[in-house]
file coords.csv (CSV, C-alpha atoms)
chain,number,residue,atom,x,y,z
A,1150,MET,CA,-16.4,14.3,79.3
A,1151,ARG,CA,-17.7,17.0,81.6
A,1152,ARG,CA,-17.5,15.3,85.0
A,1153,LEU,CA,-14.3,17.1,85.9
A,1154,LEU,CA,-15.5,20.7,85.2
A,1155,GLY,CA,-15.9,21.4,88.9
A,1156,LEU,CA,-12.2,22.2,89.2
A,1157,VAL,CA,-12.3,25.1,86.7
A,1158,PRO,CA,-13.7,28.0,88.8
A,1159,ALA,CA,-11.2,27.4,91.6
A,1160,LEU,CA,-8.3,27.1,89.3
A,1161,ALA,CA,-9.4,30.2,87.4
A,1162,ILE,CA,-8.9,32.3,90.4
A,1163,VAL,CA,-5.4,30.7,91.2
A,1164,ILE,CA,-4.4,31.2,87.6
A,1165,LEU,CA,-5.5,34.8,87.6
A,1166,GLN,CA,-3.5,35.5,90.8
A,1167,ALA,CA,-0.4,33.8,89.4
A,1168,GLY,CA,-0.8,35.7,86.1
A,1169,THR,CA,-1.1,39.0,87.8
A,1170,ALA,CA,2.1,38.3,89.8
A,1171,ALA,CA,4.0,37.2,86.7
A,1172,GLY,CA,2.8,40.3,84.8
A,1173,GLN,CA,4.5,42.9,87.0
A,1174,GLU,CA,7.3,43.3,84.5
A,1175,ASP,CA,4.9,44.1,81.6
A,1176,PRO,CA,3.7,47.6,80.9
A,1177,LYS,CA,0.8,48.5,83.2
A,1178,ALA,CA,-1.7,49.0,80.4
A,1179,ARG,CA,-0.9,45.7,78.8
A,1180,LYS,CA,-1.1,43.8,82.1
A,1181,GLU,CA,-4.5,45.4,82.9
A,1182,GLU,CA,-5.9,44.6,79.5
A,1183,ALA,CA,-4.8,40.9,79.9
A,1184,LYS,CA,-6.4,40.8,83.3
A,1185,LYS,CA,-9.6,42.2,82.0
A,1186,LEU,CA,-9.8,39.7,79.2
A,1187,PHE,CA,-9.0,36.9,81.5
A,1188,LEU,CA,-11.9,37.8,83.9
A,1189,GLU,CA,-14.2,38.1,80.9
A,1190,GLY,CA,-13.2,34.6,79.9
A,1191,VAL,CA,-13.9,33.2,83.3
A,1192,ASP,CA,-17.4,34.7,83.3
A,1193,LEU,CA,-18.1,33.6,79.7
A,1194,PHE,CA,-17.0,30.0,80.6
A,1195,ALA,CA,-19.3,29.9,83.6
A,1196,ALA,CA,-22.1,31.0,81.4
A,1197,GLY,CA,-21.4,28.2,78.9
A,1198,SER,CA,-20.2,30.6,76.1
A,1199,TYR,CA,-17.1,28.5,75.4
A,1200,GLU,CA,-16.3,29.9,72.0
A,1201,GLU,CA,-16.3,33.5,73.3
A,1202,ALA,CA,-14.4,32.4,76.5
A,1203,LEU,CA,-11.7,30.8,74.3
A,1204,ALA,CA,-11.3,34.0,72.4
A,1205,SER,CA,-10.9,36.1,75.6
A,1206,PHE,CA,-8.4,33.6,77.1
A,1207,THR,CA,-6.4,33.5,73.9
A,1208,SER,CA,-6.2,37.2,73.7
A,1209,SER,CA,-5.2,37.5,77.3
A,1210,HIS,CA,-2.4,34.9,76.7
A,1211,ASP,CA,-1.2,36.8,73.7
A,1212,LEU,CA,-0.9,40.0,75.7
A,1213,ASN,CA,0.7,38.3,78.7
A,1214,PRO,CA,2.1,34.9,77.7
A,1215,ASN,CA,1.6,33.2,81.1
A,1216,PRO,CA,1.5,29.3,81.0
A,1217,ASN,CA,-1.2,29.4,83.6
A,1218,VAL,CA,-3.7,30.7,81.1
A,1219,LEU,CA,-3.1,27.6,78.9
A,1220,TYR,CA,-5.2,25.6,81.3
A,1221,ASN,CA,-8.2,27.7,80.7
A,1222,ILE,CA,-7.6,27.7,77.0
A,1223,GLY,CA,-7.4,23.9,77.0
A,1224,MET,CA,-10.6,23.5,79.0
A,1225,CYS,CA,-12.5,25.7,76.5
A,1226,GLN,CA,-11.2,23.6,73.6
A,1227,ARG,CA,-12.3,20.5,75.4
A,1228,GLU,CA,-15.9,21.8,75.9
A,1229,LEU,CA,-16.0,22.8,72.2
A,1230,GLY,CA,-15.1,19.2,71.2
A,1231,ASP,CA,-11.7,20.0,69.9
A,1232,PHE,CA,-10.0,17.3,71.9
A,1233,ALA,CA,-6.9,17.1,69.8
A,1234,ALA,CA,-6.2,20.8,70.4
A,1235,SER,CA,-7.1,20.5,74.1
A,1236,LEU,CA,-4.7,17.6,74.6
A,1237,GLN,CA,-1.9,19.6,73.0
A,1238,THR,CA,-2.7,22.7,75.1
A,1239,LEU,CA,-3.0,20.9,78.5
A,1240,THR,CA,0.1,18.8,77.9
A,1241,GLY,CA,2.0,22.0,77.1
A,1242,TYR,CA,0.6,23.5,80.3
A,1243,LEU,CA,2.0,20.6,82.4
A,1244,GLU,CA,5.3,20.7,80.7
A,1245,LYS,CA,5.8,24.4,81.1
A,1246,LYS,CA,4.7,24.5,84.7
A,1247,GLY,CA,6.6,21.4,85.7
A,1248,ALA,CA,7.0,20.7,89.4
A,1249,SER,CA,5.2,23.8,90.3
A,1250,VAL,CA,1.8,22.2,89.5
A,1251,PRO,CA,0.2,20.9,92.8
A,1252,GLU,CA,-0.2,17.1,92.8
A,1253,LYS,CA,-3.9,17.3,93.1
A,1254,GLU,CA,-4.3,19.6,90.2
A,1255,LYS,CA,-1.8,17.6,88.1
A,1256,SER,CA,-3.8,14.4,88.8
A,1257,GLU,CA,-7.1,16.0,87.8
A,1258,ILE,CA,-5.6,17.3,84.5
A,1259,GLU,CA,-3.9,14.0,83.7
A,1260,ALA,CA,-7.3,12.3,84.2
A,1261,VAL,CA,-8.9,14.8,81.7
A,1262,ILE,CA,-6.1,14.1,79.2
A,1263,ALA,CA,-6.5,10.3,79.6
A,1264,GLU,CA,-10.3,10.7,79.1
A,1265,MET,CA,-9.8,12.6,75.8
A,1266,LYS,CA,-7.3,10.2,74.3
A,1267,GLY,CA,-10.1,7.8,73.4
A,1268,ALA,CA,-11.7,10.5,71.2
A,1269,VAL,CA,-8.6,11.2,69.1
A,1270,GLY,CA,-6.5,9.3,66.7
A,1271,THR,CA,-3.1,9.8,65.1
A,1272,LEU,CA,-2.1,10.1,61.4
A,1273,ASP,CA,1.4,9.4,60.3
A,1274,ILE,CA,1.9,11.3,57.0
A,1275,SER,CA,4.8,10.3,54.6
A,1276,VAL,CA,5.6,12.1,51.4
A,1277,SER,CA,7.9,11.0,48.6
A,1278,GLU,CA,9.4,14.5,48.3
A,1279,LYS,CA,11.1,16.6,51.1
A,1280,LYS,CA,10.0,20.1,51.9
A,1281,ALA,CA,6.4,19.6,50.6
A,1282,ALA,CA,3.8,21.8,52.3
A,1283,ILE,CA,1.2,19.8,54.2
A,1284,LYS,CA,-2.2,21.1,55.1
A,1285,ILE,CA,-4.9,19.4,57.2
A,1286,ASP,CA,-8.5,20.7,56.8
A,1287,GLY,CA,-7.0,23.8,55.2
A,1288,LYS,CA,-4.6,24.6,58.0
A,1289,PRO,CA,-0.8,24.3,57.7
A,1290,ALA,CA,0.6,21.2,59.5
A,1291,GLY,CA,4.3,21.7,58.5
A,1292,GLY,CA,6.7,20.5,55.8
A,1293,SER,CA,7.7,17.0,54.9
A,1294,PRO,CA,8.9,15.0,56.7
A,1295,LEU,CA,6.8,15.8,59.7
A,1296,PRO,CA,8.6,15.1,63.0
A,1297,SER,CA,5.8,12.9,64.4
A,1298,PRO,CA,2.3,11.7,63.7
A,1299,VAL,CA,-0.5,14.3,63.8
A,1300,VAL,CA,-3.1,14.0,66.6
A,1301,LEU,CA,-6.6,14.5,65.1
A,1302,ASN,CA,-10.2,14.4,66.3
A,1303,GLU,CA,-12.5,11.6,65.2
A,1304,GLY,CA,-14.0,12.0,61.8
A,1305,PRO,CA,-13.0,12.9,58.2
A,1306,HIS,CA,-10.0,15.1,57.5
A,1307,LEU,CA,-8.8,16.6,54.2
A,1308,VAL,CA,-5.0,16.2,53.8
A,1309,GLU,CA,-3.3,18.3,51.0
A,1310,VAL,CA,0.3,18.0,49.9
A,1311,VAL,CA,1.8,20.7,47.7
A,1312,LYS,CA,5.3,21.3,46.3
A,1313,GLU,CA,6.4,23.5,43.4
A,1314,GLY,CA,7.0,21.6,40.2
A,1315,PHE,CA,4.8,18.6,41.3
A,1316,ALA,CA,1.2,17.8,40.9
A,1317,ALA,CA,-0.7,18.6,44.2
A,1318,GLU,CA,-2.2,15.6,46.0
A,1319,LYS,CA,-5.2,15.6,48.3
A,1320,ARG,CA,-7.1,12.9,50.1
A,1321,THR,CA,-9.8,12.5,52.8
A,1322,VAL,CA,-8.8,10.4,55.7
A,1323,THR,CA,-11.3,9.2,58.3
A,1324,VAL,CA,-9.8,9.0,61.8
A,1325,LYS,CA,-11.3,6.8,64.6
A,1326,GLY,CA,-10.7,7.3,68.3
A,1327,GLY,CA,-7.6,5.5,69.6
A,1328,GLU,CA,-6.6,4.5,66.1
A,1329,ALA,CA,-3.1,5.0,64.5
A,1330,LEU,CA,-3.3,5.6,60.7
A,1331,GLU,CA,-0.7,6.0,58.0
A,1332,ALA,CA,-1.1,8.0,54.8
A,1333,SER,CA,1.6,8.0,52.0
A,1334,PHE,CA,1.7,10.6,49.2
A,1335,SER,CA,3.7,10.0,46.1
A,1336,LEU,CA,4.1,13.3,44.2
A,1337,SER,CA,4.4,13.3,40.4
A,1338,PRO,CA,6.6,15.9,38.5
A,1339,LEU,CA,4.7,18.2,36.3
A,1340,LEU,CA,5.4,18.0,32.6
A,1341,LYS,CA,7.1,21.0,31.2
A,1342,PRO,CA,5.0,22.9,28.6
A,1343,ALA,CA,6.2,22.9,25.0
A,1344,PRO,CA,7.9,26.2,24.0
A,1345,PRO,CA,5.5,28.6,22.2
A,1346,GLU,CA,5.9,28.8,18.4
A,1347,GLU,CA,8.1,31.6,17.2
A,1348,VAL,CA,6.2,34.5,15.6
A,1349,LEU,CA,8.1,35.8,12.6
A,1350,GLY,CA,7.7,39.0,10.6
A,1351,PRO,CA,7.6,39.1,6.8
A,1352,GLN,CA,11.4,39.5,6.4
A,1353,ALA,CA,12.2,36.9,8.9
A,1354,GLU,CA,9.7,34.5,7.3
A,1355,GLU,CA,11.3,35.0,3.9
A,1356,GLY,CA,14.7,34.4,5.4
A,1357,LYS,CA,13.5,31.2,7.0
A,1358,LYS,CA,12.1,30.0,3.6
A,1359,LYS,CA,15.5,30.7,1.8
A,1360,LYS,CA,17.4,28.8,4.5
A,1361,LYS,CA,15.0,25.9,4.1
A,1362,LYS,CA,15.7,25.8,0.3
A,1363,LYS,CA,19.5,25.9,0.9
A,1364,ASP,CA,19.2,23.1,3.4
A,1365,ILE,CA,17.3,21.0,0.8
A,1366,LEU,CA,19.9,21.7,-1.9
A,1367,LYS,CA,22.7,20.5,0.5
A,1368,SER,CA,20.9,17.3,1.2
A,1369,PRO,CA,22.9,14.1,0.2
A,1370,LEU,CA,19.7,12.2,-0.4
A,1371,LEU,CA,18.6,14.8,-2.9
A,1372,TRP,CA,21.8,14.5,-5.0
A,1373,SER,CA,21.6,10.7,-4.8
A,1374,LEU,CA,18.1,10.7,-6.2
A,1375,LEU,CA,19.1,13.2,-8.9
A,1376,GLY,CA,22.0,11.0,-9.9
A,1377,VAL,CA,19.8,7.9,-10.2
A,1378,ALA,CA,17.3,9.9,-12.3
A,1379,ILE,CA,20.0,11.3,-14.6
A,1380,ILE,CA,21.6,7.9,-15.2
A,1381,GLY,CA,18.2,6.3,-15.8
A,1382,GLY,CA,17.0,9.0,-18.2
A,1383,ALA,CA,20.3,9.2,-20.1
A,1384,THR,CA,20.3,5.4,-20.5
A,1385,ALA,CA,16.8,5.5,-21.9
A,1386,THR,CA,17.7,8.2,-24.5
A,1387,GLY,CA,20.9,6.6,-25.5
A,1388,ILE,CA,23.4,9.3,-24.6
A,1389,ILE,CA,25.5,7.3,-22.1
A,1390,VAL,CA,28.8,5.9,-23.6
A,1391,TRP,CA,30.9,3.1,-22.2
A,1392,LYS,CA,34.5,2.3,-23.0
A,1393,THR,CA,34.8,-1.3,-24.3
A,1394,ARG,CA,38.4,-2.0,-23.2
A,1395,PRO,CA,41.2,-0.6,-21.2
A,1396,GLY,CA,44.1,1.4,-22.8
A,1397,PRO,CA,44.3,4.5,-24.9
A,1398,MET,CA,41.1,5.5,-26.6
A,1399,GLU,CA,40.9,4.7,-30.3
A,1400,ASP,CA,38.3,4.9,-33.0
A,1401,GLY,CA,35.6,2.4,-32.3
A,1402,ASP,CA,36.4,2.1,-28.7
A,1403,TRP,CA,33.3,3.9,-27.5
A,1404,ILE,CA,29.8,2.5,-27.9
A,1405,VAL,CA,26.7,4.6,-27.5
A,1406,HIS,CA,24.2,2.6,-25.6
A,1407,GLY,CA,20.5,2.7,-26.3
A,1408,LYS,CA,20.9,2.9,-30.1

call {"tool": "encode", "arguments": {"input": "coords.csv", "output": "structure tokens"}}
result
Amino acid sequence: MRRLLGLVPALAIVILQAGTAAGQEDPKARKEEAKKLFLEGVDLFAAGSYEEALASFTSSHDLNPNPNVLYNIGMCQRELGDFAASLQTLTGYLEKKGASVPEKEKSEIEAVIAEMKGAVGTLDISVSEKKAAIKIDGKPAGGSPLPSPVVLNEGPHLVEVVKEGFAAEKRTVTVKGGEALEASFSLSPLLKPAPPEEVLGPQAEEGKKKKKKKDILKSPLLWSLLGVAIIGGATATGIIVWKTRPGPMEDGDWIVHGK
């Protein structure tokens, strides 16, 4: 992975010169600070302090967004073993520079890119719901659906999918170099909580009891049961009378049952 590092010092000088020329339109103080940070990054990289060099190059690029500095950033990421980030940065460098990149330099960078591709894999993430937030290893990766598979370094990665109103899903996916993986997430809606019980004061509680009594008195079932009970009790005590024949009532036409 390190056999092509010999091109870095020479390119660093070219990049610095190009960055200085491109920075003429920036305020002087901003340009000088970007240049200072860039030179610090070059020294740190030469000393093997890749993490500190990456911080300096990144800060320089933030002050003076020159695509030339992307090369240095990409090489730092490569030395730190973040091949997925380095691939993205160096590819972006070639795309932004276009035909202005010398053929020799372009060939060397393309060789670095090809070498790193064996150390990364891709993960195609699909989610059942749109506009769900996707995080990989705690960092935002975008919303569903993602436009393309995500390039990841070899090893385990924690994928989290979150959307309001749905239960969050998380899963650890292990990526292998040169491998294309797929991961599908089916989000389940959260159950709505039951409404809290109404807290009533003394007067409201009394009104609630009265209403309940009225509702009971209006119940058809209650009156049906009462009717059955009355008929049954009256029959047992002999107070129900039945007419024996049709026509006008006369003496002897009524019989008291139960006697």

call {"tool": "atom_distance", "arguments": {"input": "coords.csv", "atom1": "atom CA of A:Lys1246", "atom2": "atom CA of A:Leu1193"}}
result
25.1 Å

call {"tool": "atom_distance", "arguments": {"input": "coords.csv", "atom1": "atom CA of A:Val1276", "atom2": "atom CA of A:Ala1329"}}
result
17.3 Å

call {"tool": "atom_distance", "arguments": {"input": "coords.csv", "atom1": "atom CA of A:Lys1288", "atom2": "atom CA of A:Ala1233"}}
result
14.2 Å

call {"tool": "closest_residue", "arguments": {"input": "coords.csv", "among": "A:Leu1229, A:Leu1186, A:Ala1332, A:Val1299", "to": "A:Asp1211", "atoms": "all atoms listed in the file"}}
result
A:Leu1186

call {"tool": "closest_residue", "arguments": {"input": "coords.csv", "among": "A:Lys1279, A:Ala1317, A:Leu1236, A:Glu1228", "to": "A:Ala1263", "atoms": "all atoms listed in the file"}}
result
A:Leu1236

call {"tool": "residues_around", "arguments": {"input": "coords.csv", "residues": "A:Thr1323", "least_positions_apart": "5", "cutoff": "8 Å", "atoms": "only C-alpha atoms", "output": "PDB file with C-alpha atoms, in the coordinates of the input"}}
result
ATOM      1  CA  GLU A1303     -12.500  11.600  65.200  1.00  0.00           C
ATOM      2  CA  GLY A1304     -14.000  12.000  61.800  1.00  0.00           C
ATOM      3  CA  PRO A1305     -13.000  12.900  58.200  1.00  0.00           C
ATOM      4  CA  HIS A1306     -10.000  15.100  57.500  1.00  0.00           C
TER       5      HIS A1306
END

call {"tool": "closest_residue", "arguments": {"input": "coords.csv", "among": "A:Leu1212, A:Ala1202, A:Leu1340, A:Ala1195", "to": "A:Glu1181", "atoms": "all atoms listed in the file"}}
result
A:Leu1212

call {"tool": "closest_residue", "arguments": {"input": "coords.csv", "among": "A:Val1300, A:Leu1239, A:Val1308, A:Ala1234", "to": "A:Ile1283", "atoms": "only C-alpha atoms"}}
result
A:Val1308

call {"tool": "closest_residue", "arguments": {"input": "coords.csv", "among": "A:Ser1205, A:Ser1198, A:Thr1321, A:Thr1240", "to": "A:Ile1285", "atoms": "all atoms listed in the file"}}
result
A:Thr1321

call {"tool": "closest_residue", "arguments": {"input": "coords.csv", "among": "A:Ser1208, A:Ile1274, A:Leu1203, A:Ala1282", "to": "A:Lys1180", "atoms": "only C-alpha atoms"}}
result
A:Ser1208

call {"tool": "residues_around", "arguments": {"input": "coords.csv", "residues": "A:Thr1271", "least_positions_apart": "6", "cutoff": "9 Å", "atoms": "all atoms listed in the file", "output": "NGL selection string"}}
result
:A and (1298-1302 or 1324-1331)

call {"tool": "residues_around", "arguments": {"input": "coords.csv", "residues": "A:Thr1238", "least_positions_apart": "5", "cutoff": "10 Å", "atoms": "all atoms listed in the file", "output": "list in words"}}
result
Pro1216, Leu1219, Tyr1220, Asn1221, Ile1222, Gly1223, Met1224, Gln1226, Arg1227, Phe1232, Ala1233, Leu1243 and Glu1244 of chain A
